[in-house]
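Listing of start_24.cif, mmCIF, C-alpha atoms
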data_entry
loop_
_atom_site.label_atom_id
_atom_site.label_comp_id
_atom_site.auth_asym_id
_atom_site.auth_seq_id
_atom_site.Cartn_x
_atom_site.Cartn_y
_atom_site.Cartn_z
CA MET A 72 12.89 18.87 25.14
CA ASP A 73 15.71 19.27 22.59
CA GLN A 74 15.55 19.04 18.82
CA GLU A 75 17.09 15.59 18.53
CA LEU A 76 14.55 14.09 20.91
CA LEU A 77 11.74 15.70 18.96
CA VAL A 78 12.86 14.44 15.59
CA GLY A 79 13.20 10.92 17.00
CA ASN A 80 11.04 9.66 19.83
CA GLN A 81 8.92 12.75 20.38
CA PHE A 82 7.78 13.06 16.77
CA GLU A 83 6.95 9.34 16.51
CA ASP A 84 5.19 9.29 19.87
CA GLY A 85 3.19 12.34 18.86
CA GLU A 86 2.08 10.40 15.78
CA LYS A 87 0.99 7.50 18.00
CA LEU A 88 -1.03 9.92 20.12
CA LEU A 89 -2.76 11.38 17.08
CA THR A 90 -3.63 7.89 15.84
CA GLN A 91 -5.10 7.01 19.24
CA LEU A 92 -7.14 10.21 19.36
CA VAL A 93 -8.58 9.64 15.87
CA ARG A 94 -9.37 6.04 16.80
CA SER A 95 -11.35 7.27 19.81
CA GLY A 96 -13.41 9.63 17.65
CA PHE A 97 -11.50 12.84 18.47
CA ASP A 98 -11.17 15.14 15.46
CA VAL A 99 -7.59 16.05 14.52
CA THR A 100 -7.75 18.77 11.88
CA VAL A 101 -4.05 19.67 12.17
CA ALA A 102 -1.17 18.79 14.49
CA PHE A 103 2.33 20.24 14.78
CA TRP A 104 5.31 20.60 17.10
CA VAL A 105 6.51 24.14 17.80
CA ARG A 106 9.72 25.30 19.48
CA THR A 107 8.87 28.66 21.01
CA SER A 108 11.14 31.70 20.95
CA GLU A 109 10.18 32.57 24.52
CA ASP A 110 11.70 29.59 26.33
CA GLY A 111 12.98 27.29 23.57
CA SER A 112 10.63 24.50 24.64
CA TRP A 113 8.80 22.15 22.28
CA TYR A 114 4.99 21.89 22.42
CA LEU A 115 2.62 19.69 20.46
CA TYR A 116 -0.32 21.74 19.18
CA ILE A 117 -3.45 19.86 18.13
CA GLY A 118 -6.09 21.78 16.21
CA SER A 119 -9.48 20.14 16.65
CA THR A 120 -13.11 21.07 16.00
CA ALA A 121 -13.85 19.25 19.26
CA VAL A 122 -12.23 22.10 21.19
CA ASP A 123 -14.74 24.33 22.96
CA ARG A 124 -13.56 27.92 23.12
CA GLY A 125 -15.35 28.36 26.45
CA GLY A 126 -13.44 25.60 28.23
CA LYS A 127 -11.27 22.60 27.38
CA GLY A 128 -11.66 20.37 30.43
CA HIS A 129 -13.49 17.59 28.59
CA GLU A 130 -11.09 17.65 25.65
CA TYR A 131 -8.02 17.46 27.89
CA GLY A 132 -9.73 14.57 29.67
CA MET A 133 -9.97 12.69 26.35
CA LEU A 134 -6.34 13.56 25.67
CA TYR A 135 -5.28 12.15 29.06
CA VAL A 136 -7.17 8.89 28.39
CA ALA A 137 -5.48 8.57 24.99
CA LEU A 138 -2.04 9.08 26.55
CA THR A 139 -2.67 6.34 29.13
CA LYS A 140 -3.39 3.84 26.33
CA ILE A 141 0.08 4.23 24.80
CA PRO A 142 2.81 2.42 26.76
CA HIS A 143 6.12 4.21 27.41
CA ILE A 144 5.07 7.32 25.52
CA SER A 145 7.49 10.24 25.84
CA VAL A 146 4.78 12.90 25.35
CA SER A 147 3.17 14.23 28.54
CA LEU A 148 -0.05 16.15 29.06
CA SER A 149 1.94 19.32 29.73
CA ASP A 150 3.57 19.05 26.27
CA VAL A 151 0.22 19.31 24.46
CA LYS A 152 -1.83 22.40 23.67
CA LEU A 153 -5.34 22.07 22.21
CA VAL A 154 -6.56 24.83 19.91
CA HIS A 155 -9.51 25.37 17.58
CA PRO A 156 -8.64 25.13 13.83
CA SER A 157 -9.86 28.71 13.35
CA GLU A 158 -7.14 30.12 15.63
CA PRO A 159 -4.31 31.90 13.72
CA ILE A 160 -1.57 29.41 14.64
CA ALA A 161 -3.66 26.45 13.44
CA LYS A 162 -4.81 28.22 10.26
CA GLU A 163 -1.26 28.99 9.19
CA ALA A 164 -0.10 25.45 9.98
CA ILE A 165 -2.91 24.08 7.78
CA ALA A 166 -1.91 26.42 4.94
CA LEU A 167 1.74 25.35 5.17
CA ARG A 168 0.81 21.67 5.32
CA ASP A 169 -1.56 21.83 2.35
CA ARG A 170 0.81 23.82 0.14
CA ASN A 171 2.28 20.51 -1.08
CA PRO A 172 -0.17 17.73 -2.08
CA ALA A 173 2.25 15.04 -0.83
CA ARG A 174 1.43 13.80 2.66
CA LEU A 175 4.81 14.20 4.30
CA PRO A 176 5.88 16.10 7.44
CA VAL A 177 6.65 19.79 6.85
CA ARG A 178 9.58 21.49 8.54
CA TYR A 179 9.04 25.23 8.93
CA ARG A 180 11.75 27.69 9.98
CA GLY A 181 9.79 30.93 9.92
CA LYS A 182 9.95 33.42 12.79
CA ARG A 183 6.22 33.28 13.54
CA LEU A 184 3.40 30.79 13.23
CA GLY A 185 0.12 32.64 13.41
CA ASP A 186 0.60 35.11 16.25
CA LEU A 187 3.25 33.05 18.09
CA PRO A 188 7.01 33.84 17.81
CA ILE A 189 8.80 30.55 17.11
CA GLU A 190 12.21 29.08 16.30
CA GLU A 191 10.88 26.25 14.12
CA ALA A 192 7.97 23.87 13.66
CA TYR A 193 7.27 20.35 12.42
CA ILE A 194 3.80 19.84 10.93
CA TYR A 195 2.27 16.37 10.65
CA PRO A 196 0.64 15.25 7.38
CA LYS A 197 -3.14 15.10 7.13
CA THR A 198 -4.82 12.10 8.76
CA GLY A 199 -7.30 9.75 7.11
CA PRO A 200 -7.33 7.77 3.85
CA MET A 201 -5.31 9.27 0.99
CA THR A 202 -6.57 9.90 -2.52
CA ARG A 203 -4.80 8.22 -5.42
CA ASP A 204 -3.19 11.55 -6.39
CA GLU A 205 -1.95 12.08 -2.82
CA VAL A 206 -0.43 8.58 -2.83
CA ILE A 207 1.41 9.26 -6.10
CA GLN A 208 2.61 12.73 -5.01
CA THR A 209 3.85 11.34 -1.67
CA VAL A 210 5.72 8.47 -3.34
CA MET A 211 7.27 10.90 -5.84
CA GLU A 212 8.56 13.04 -2.97
CA LEU A 213 9.94 9.94 -1.23
CA LEU A 214 11.76 8.94 -4.42
CA LYS A 215 13.68 12.24 -4.31
CA ARG A 216 15.30 11.42 -0.97
CA SER A 217 19.05 10.96 -0.84
CA GLY A 218 21.34 9.18 1.59
CA ARG A 219 20.26 6.31 3.80
CA VAL A 220 16.53 5.81 3.23
CA GLN A 221 14.24 4.47 5.94
CA PRO A 222 11.26 2.24 5.01
CA SER A 223 7.81 3.82 4.87
CA THR A 224 4.61 2.25 6.16
CA PHE A 225 2.14 1.43 3.39
CA THR A 226 -1.47 0.65 4.35
CA PHE A 227 -3.66 -1.04 1.75
CA ALA A 228 -7.40 -1.05 1.08
CA ASP A 229 -7.70 -4.61 2.44
CA GLY A 230 -6.29 -3.47 5.81
CA SER A 231 -2.85 -5.02 5.36
CA ILE A 232 0.25 -3.01 6.30
CA ARG A 233 3.73 -3.30 4.82
CA GLN A 234 7.09 -1.71 5.64
CA ALA A 235 8.86 -0.99 2.37
CA ILE A 236 11.00 1.48 0.44
CA PRO A 237 9.42 2.90 -2.73
CA ILE A 238 11.93 2.69 -5.58
CA GLY A 239 9.84 3.55 -8.63
CA ILE A 240 6.51 4.14 -10.36
CA GLN A 241 5.52 2.26 -13.49
CA LEU A 242 2.54 1.91 -15.83
CA GLN A 243 1.12 -1.59 -16.23
CA MET A 244 -0.86 -1.85 -19.46
CA GLN A 245 -2.30 -5.36 -19.04
CA GLY A 246 -3.38 -7.82 -16.36
CA PRO A 247 -5.18 -7.44 -13.01
CA GLY A 248 -2.78 -4.76 -11.78
CA ARG A 249 -3.39 -2.57 -14.81
CA GLY A 250 -2.72 1.13 -14.31
CA LEU A 251 -0.13 3.00 -12.24
CA GLN A 252 1.92 0.80 -9.94
CA ILE A 253 4.36 1.57 -7.15
CA VAL A 254 7.49 -0.57 -7.02
CA LEU A 255 8.36 -1.43 -3.42
CA LEU A 256 11.58 -2.86 -2.02
CA ASP A 257 11.17 -5.13 0.99
CA PRO A 258 14.21 -4.28 3.19
CA ARG A 259 14.07 -7.70 4.92
CA THR A 260 14.16 -9.86 1.78
CA ASN A 261 15.68 -7.31 -0.65
CA GLN A 262 12.93 -8.30 -3.10
CA ASN A 263 10.94 -5.91 -5.29
CA GLN A 264 7.17 -6.02 -5.71
CA ALA A 265 4.84 -3.81 -7.76
CA VAL A 266 1.53 -2.84 -6.15
CA ALA A 267 -1.40 -0.96 -7.69
CA ALA A 268 -1.47 2.69 -6.59
CA ASP A 269 -5.27 2.45 -6.29
CA GLU A 270 -4.87 -0.17 -3.53
CA VAL A 271 -2.77 2.12 -1.28
CA VAL A 272 -4.76 4.19 1.24
CA SER A 273 -1.93 5.54 3.39
CA VAL A 274 1.83 6.17 3.23
CA GLN A 275 3.68 7.19 6.38
#

Could you quickly redo this structure as structure tokens?
Amino acid sequence: MDQELLVGNQFEDGEKLLTQLVRSGFDVTVAFWVRTSEDGSWYLYIGSTAVDRGGKGHEYGMLYVALTKIPHISVSLSDVKLVHPSEPIAKEAIALRDRNPARLPVRYRGKRLGDLPIEEAYIYPKTGPMTRDEVIQTVMELLKRSGRVQPSTFTFADGSIRQAIPIGIQLQMQGPGRGLQIVLLDPRTNQNQAVAADEVVSVQ
């Protein structure tokens, strides 16, 4: 599995798998792709409190079921390694992920992750609803991007989902949307719309 495949289809399909696992009630404390120094292969590590140190048959069974529910997924069972969050590799991935309050993927180029020699790693953001501060921090990081910018997926408190490019943050002093607002550009219509930061629960 080469780097280009990972950054494209593999990373996105891994995200779909994590979403499916969470939906089925499987805890995902941390998740990350690692390219090992030993054979240069990519593996998706999932740190979960559901993992039993004595045996992982049941957990891999749940993983297999989740994979079968995602059509045309490029991640196979052999690509995934389940670990407990207390294991060194998972603990260090959590520390790296949580170093920045913005919920964005983290690229790590250190020589080791925990006790595993690696070439590089890609760590997924935390799952679950975001706090208002996490939403603002994430949008601020997205605003720093340069070059051709891809739309992000915004999920709102009412359950609606929108693909948009954040282009600014403003303070609304009056009206129903009073408070901090995020200015979004709809790439299909090229129209701007301001939404209340408090209404956003996820940015991906």

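Closest to Val105 in chain A among A:Ile144, A:Leu138, A:Ile189, A:Leu89 is A:Ile189, based on all atoms listed in the file.
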
Checklist entry - If you apply the PyMOL selection byres ((chain A and resi 91) around 12) to this file, what residues do you get, as number ranges by chain? => result A: 84-90, 92-99, 133-142, 144, 198

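When CA of Tyr116 in chain A is paired with CA of Lys152 in chain A, their separation reads 4.8 Å.
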
Next on the checklist: Report, in Å to a single decimal, how far apart CA of Pro172 in chain A and CA of Thr107 in chain A are.
Outcome noted: 27.1 Å

Checklist entry - Can you tell me how far CA of Leu153 in chain A sits from CA of Tyr179 in chain A, in Å to one decimal? => result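 Spanning CA of Leu153 in chain A to CA of Tyr179 in chain A is a straight-line distance of 19.8 Å.
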
Item to check | Which residue of A:Arg259, A:Arg170, A:Arg219, A:Arg249 approaches Ala235 in chain A most closely, using all atoms listed in the file | outcome: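 Between A:Arg259, A:Arg170, A:Arg219, A:Arg249, the residue approaching Ala235 in chain A most closely is A:Arg259.
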
Axis-aligned box for all listed atoms of range 129-133 of chain A, 4 Å per side, centre and edges in Å to one decimal, as JSON:
{"center_x": -10.8, "center_y": 15.2, "center_z": 27.7, "size_x": 13.5, "size_y": 13.0, "size_z": 12.0}

Starting from the incomplete input, reconstruct all heavy atoms of range 250-261 of chain A and write that as an mmCIF file, in the frame of the given file.
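Contents of part_21.cif, as written:
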data_model
loop_
_atom_site.group_PDB
_atom_site.id
_atom_site.type_symbol
_atom_site.label_atom_id
_atom_site.label_comp_id
_atom_site.auth_asym_id
_atom_site.auth_seq_id
_atom_site.Cartn_x
_atom_site.Cartn_y
_atom_site.Cartn_z
ATOM 1 N N GLY A 250 -2.711 -0.241 -14.788
ATOM 2 C CA GLY A 250 -2.720 1.130 -14.310
ATOM 3 C C GLY A 250 -1.389 1.480 -13.659
ATOM 4 O O GLY A 250 -0.388 0.765 -13.805
ATOM 5 N N LEU A 251 -1.358 2.577 -12.919
ATOM 6 C CA LEU A 251 -0.130 3.000 -12.240
ATOM 7 C C LEU A 251 0.192 2.055 -11.084
ATOM 8 O O LEU A 251 -0.688 1.697 -10.292
ATOM 9 C CB LEU A 251 -0.275 4.416 -11.712
ATOM 10 C CG LEU A 251 -0.001 5.557 -12.697
ATOM 11 C CD1 LEU A 251 -0.237 6.897 -12.032
ATOM 12 C CD2 LEU A 251 1.418 5.484 -13.260
ATOM 13 N N GLN A 252 1.437 1.673 -11.014
ATOM 14 C CA GLN A 252 1.920 0.800 -9.940
ATOM 15 C C GLN A 252 3.104 1.436 -9.238
ATOM 16 O O GLN A 252 3.878 2.170 -9.846
ATOM 17 C CB GLN A 252 2.329 -0.570 -10.495
ATOM 18 C CG GLN A 252 1.191 -1.380 -11.098
ATOM 19 C CD GLN A 252 1.671 -2.755 -11.530
ATOM 20 O OE1 GLN A 252 2.840 -2.943 -11.888
ATOM 21 N NE2 GLN A 252 0.782 -3.727 -11.503
ATOM 22 N N ILE A 253 3.219 1.118 -7.948
ATOM 23 C CA ILE A 253 4.360 1.570 -7.150
ATOM 24 C C ILE A 253 5.261 0.369 -6.923
ATOM 25 O O ILE A 253 4.794 -0.699 -6.491
ATOM 26 C CB ILE A 253 3.893 2.133 -5.797
ATOM 27 C CG1 ILE A 253 2.924 3.302 -6.025
ATOM 28 C CG2 ILE A 253 5.082 2.579 -4.955
ATOM 29 C CD1 ILE A 253 2.178 3.711 -4.773
ATOM 30 N N VAL A 254 6.532 0.519 -7.226
ATOM 31 C CA VAL A 254 7.490 -0.570 -7.020
ATOM 32 C C VAL A 254 8.089 -0.415 -5.626
ATOM 33 O O VAL A 254 8.672 0.620 -5.298
ATOM 34 C CB VAL A 254 8.597 -0.558 -8.091
ATOM 35 C CG1 VAL A 254 9.530 -1.747 -7.882
ATOM 36 C CG2 VAL A 254 7.992 -0.582 -9.488
ATOM 37 N N LEU A 255 7.906 -1.449 -4.811
ATOM 38 C CA LEU A 255 8.360 -1.430 -3.420
ATOM 39 C C LEU A 255 9.493 -2.417 -3.204
ATOM 40 O O LEU A 255 9.457 -3.535 -3.713
ATOM 41 C CB LEU A 255 7.204 -1.769 -2.479
ATOM 42 C CG LEU A 255 5.984 -0.851 -2.516
ATOM 43 C CD1 LEU A 255 4.912 -1.368 -1.565
ATOM 44 C CD2 LEU A 255 6.370 0.577 -2.170
ATOM 45 N N LEU A 256 10.474 -1.988 -2.420
ATOM 46 C CA LEU A 256 11.580 -2.860 -2.020
ATOM 47 C C LEU A 256 11.352 -3.287 -0.579
ATOM 48 O O LEU A 256 11.234 -2.444 0.315
ATOM 49 C CB LEU A 256 12.913 -2.129 -2.152
ATOM 50 C CG LEU A 256 14.143 -2.830 -1.562
ATOM 51 C CD1 LEU A 256 14.458 -4.107 -2.334
ATOM 52 C CD2 LEU A 256 15.352 -1.896 -1.569
ATOM 53 N N ASP A 257 11.286 -4.605 -0.359
ATOM 54 C CA ASP A 257 11.170 -5.130 0.990
ATOM 55 C C ASP A 257 12.570 -5.168 1.604
ATOM 56 O O ASP A 257 13.426 -5.918 1.134
ATOM 57 C CB ASP A 257 10.572 -6.544 0.952
ATOM 58 C CG ASP A 257 10.277 -7.094 2.350
ATOM 59 O OD1 ASP A 257 11.010 -6.745 3.310
ATOM 60 O OD2 ASP A 257 9.327 -7.882 2.495
ATOM 61 N N PRO A 258 12.846 -4.350 2.652
ATOM 62 C CA PRO A 258 14.210 -4.280 3.190
ATOM 63 C C PRO A 258 14.651 -5.579 3.879
ATOM 64 O O PRO A 258 15.850 -5.816 4.046
ATOM 65 C CB PRO A 258 14.136 -3.125 4.197
ATOM 66 C CG PRO A 258 12.696 -3.037 4.579
ATOM 67 C CD PRO A 258 11.918 -3.457 3.364
ATOM 68 N N ARG A 259 13.701 -6.433 4.254
ATOM 69 C CA ARG A 259 14.070 -7.700 4.920
ATOM 70 C C ARG A 259 14.529 -8.748 3.925
ATOM 71 O O ARG A 259 15.480 -9.484 4.169
ATOM 72 C CB ARG A 259 12.884 -8.222 5.728
ATOM 73 C CG ARG A 259 12.456 -7.315 6.880
ATOM 74 C CD ARG A 259 11.132 -7.777 7.450
ATOM 75 N NE ARG A 259 10.092 -7.798 6.421
ATOM 76 C CZ ARG A 259 8.866 -8.272 6.600
ATOM 77 N NH1 ARG A 259 8.539 -8.805 7.766
ATOM 78 N NH2 ARG A 259 7.979 -8.236 5.629
ATOM 79 N N THR A 260 13.843 -8.831 2.774
ATOM 80 C CA THR A 260 14.160 -9.860 1.780
ATOM 81 C C THR A 260 14.955 -9.315 0.600
ATOM 82 O O THR A 260 15.484 -10.088 -0.198
ATOM 83 C CB THR A 260 12.871 -10.489 1.246
ATOM 84 O OG1 THR A 260 12.111 -9.479 0.558
ATOM 85 C CG2 THR A 260 12.026 -11.049 2.391
ATOM 86 N N ASN A 261 15.021 -7.971 0.477
ATOM 87 C CA ASN A 261 15.680 -7.310 -0.650
ATOM 88 C C ASN A 261 14.996 -7.648 -1.977
ATOM 89 O O ASN A 261 15.631 -7.617 -3.026
ATOM 90 C CB ASN A 261 17.165 -7.669 -0.708
ATOM 91 C CG ASN A 261 17.993 -6.539 -1.299
ATOM 92 O OD1 ASN A 261 17.679 -5.359 -1.140
ATOM 93 N ND2 ASN A 261 19.051 -6.899 -2.020
#
